[in-house]
Amino acid sequence: MSADTPSSDPNAVRVMIVDDSAVIRGLYRKMIGEETGMEIVTDASNGQMAIDRVARTDVDVVVMDIEMPVLDGVSAIPGMLKAKPDIQIIMSSTLTERNAEIALKALEAGARDYIQKPTSKGDVARDGAFRNELCNKIRNLGKLRMQRSTRASNQSASAAPAPQKDEGWRRHSSRGEGAVKIELRSPGHGKPSVLVVGSSTGGPQALQTFFKGVDKSIGIPILVVQHMPAKFTTILCGHIERATGWPCREAVEGDVPTAGQILLAPGGFHMVVNGTGAARKISLNEDPPENFCRPAVDPLFRTAAASFGGNVLGVVLTGMGNDGTKGGRAIVDNGGTIIAQDEETSVVWGMPGSVAAAGLCSAVLPLDELPAKTFKLARGMAA
């Protein structure tokens, strides 16, 4: 295959692999080549080459290494986004604390997601989960880019009609697609005693924006699940704390949910709430992944509902998939409240879109409006 190969399928997700290792490029090429609906159209061995090829090749998704000669992956991101502002970039690296820190900086620079690079060909052969994760991220982000490109073309051809509002419903039209009706429900009657937050793709940046706006006098414990591997969650806590001023750390076994701090589920562990009243404690476990994730949002949401009853306020931020929907239903069935980020401000409107479509939300709002709404609901001002 030549360096730049036209796509043979106009509906396929077009992928570029950027890695200085020919072995890794070959592994990715083999895995992606065996999938339907996606194909590699070009590759590159350094960041500068990647910028040049993005500018001249029709690419939807880039899977890019962090450390490369000539120009590293993080430094290449601005040039790639300048060439194609809507391109979807997945960072790929081995899992070390240093690489976790760099990968989070890449996400802040405009990369969409991260995947842990296999350390050897044997690792990939033994672990089908890696291939599934890689291909699912490519497929979802690729479809997202193509959908948005189509919407942008349609929007330029004809202006979208103004959304219509009516009592109890919100017409939710984002990025030019046809409006989707979302049925909003009344908030729960109980004053929240805990705030639980779930996020995934796009979550690190969304969490920082969200907690910058949440008033520190909110007065209830805050528990957060972000889909991330070990080491990443440690680094993310530091980023949240520095960006927002909120004390934030990974939860440990036996923690008591306490107002004034954020407890984040550590990578590789589900975080759940056990007990009621003064006996409430955080517990961590390595039970099987849920929704292909560990940590997952559903275990936190459903155990918070069991422990706190109707006094739970849940927030679902940007993320791929539908994690949080089953747990969100447990929250509202017990008398609690769910609110979610809107599509326009989400990187991927999977998780928040799922809870909204299920009729679980009392509000679906832009990210910058969620903190004020959260504060009002937490203080019992539900109107």
# chains A, B, ... in the order shown; residues from 1 in each chain; ligands from 1

$ closest_atom_pairs --of "segment 311-357 of chain A" --to "segment 211-226 of chain A" --cutoff "10 Å" --atoms "only C-alpha atoms" --output "JSON lines"
{"residue": "A:Leu313", "atom": "CA", "partner": "A:Ile222", "partner_atom": "CA", "distance": 9.7}
{"residue": "A:Gly314", "atom": "CA", "partner": "A:Leu223", "partner_atom": "CA", "distance": 9.6}
{"residue": "A:Val315", "atom": "CA", "partner": "A:Val224", "partner_atom": "CA", "distance": 9.4}
{"residue": "A:Val316", "atom": "CA", "partner": "A:Val225", "partner_atom": "CA", "distance": 9.9}
{"residue": "A:Leu317", "atom": "CA", "partner": "A:Gln226", "partner_atom": "CA", "distance": 9.6}
{"residue": "A:Gly319", "atom": "CA", "partner": "A:Gln226", "partner_atom": "CA", "distance": 9.2}
{"residue": "A:Gly324", "atom": "CA", "partner": "A:Val225", "partner_atom": "CA", "distance": 9.9}

$ select_by_dssp --residues "segment 229-359 of chain A" --states "strand (DSSP E or B)" --output "PyMOL selection string"
chain A and resi 248-250+262-264+270-274+281-285+290+293+312-316+319+337-341+349

$ closest_residue --among "A:Val256, A:Pro266, A:Ile102, A:Ile32" --to "Ser75 of chain A" --atoms "only C-alpha atoms"
A:Ile102

$ closest_residue --among "A:Asn99, A:Lys191, A:Phe301, A:Ala22" --to "Leu377 of chain A" --atoms "only C-alpha atoms"
A:Lys191
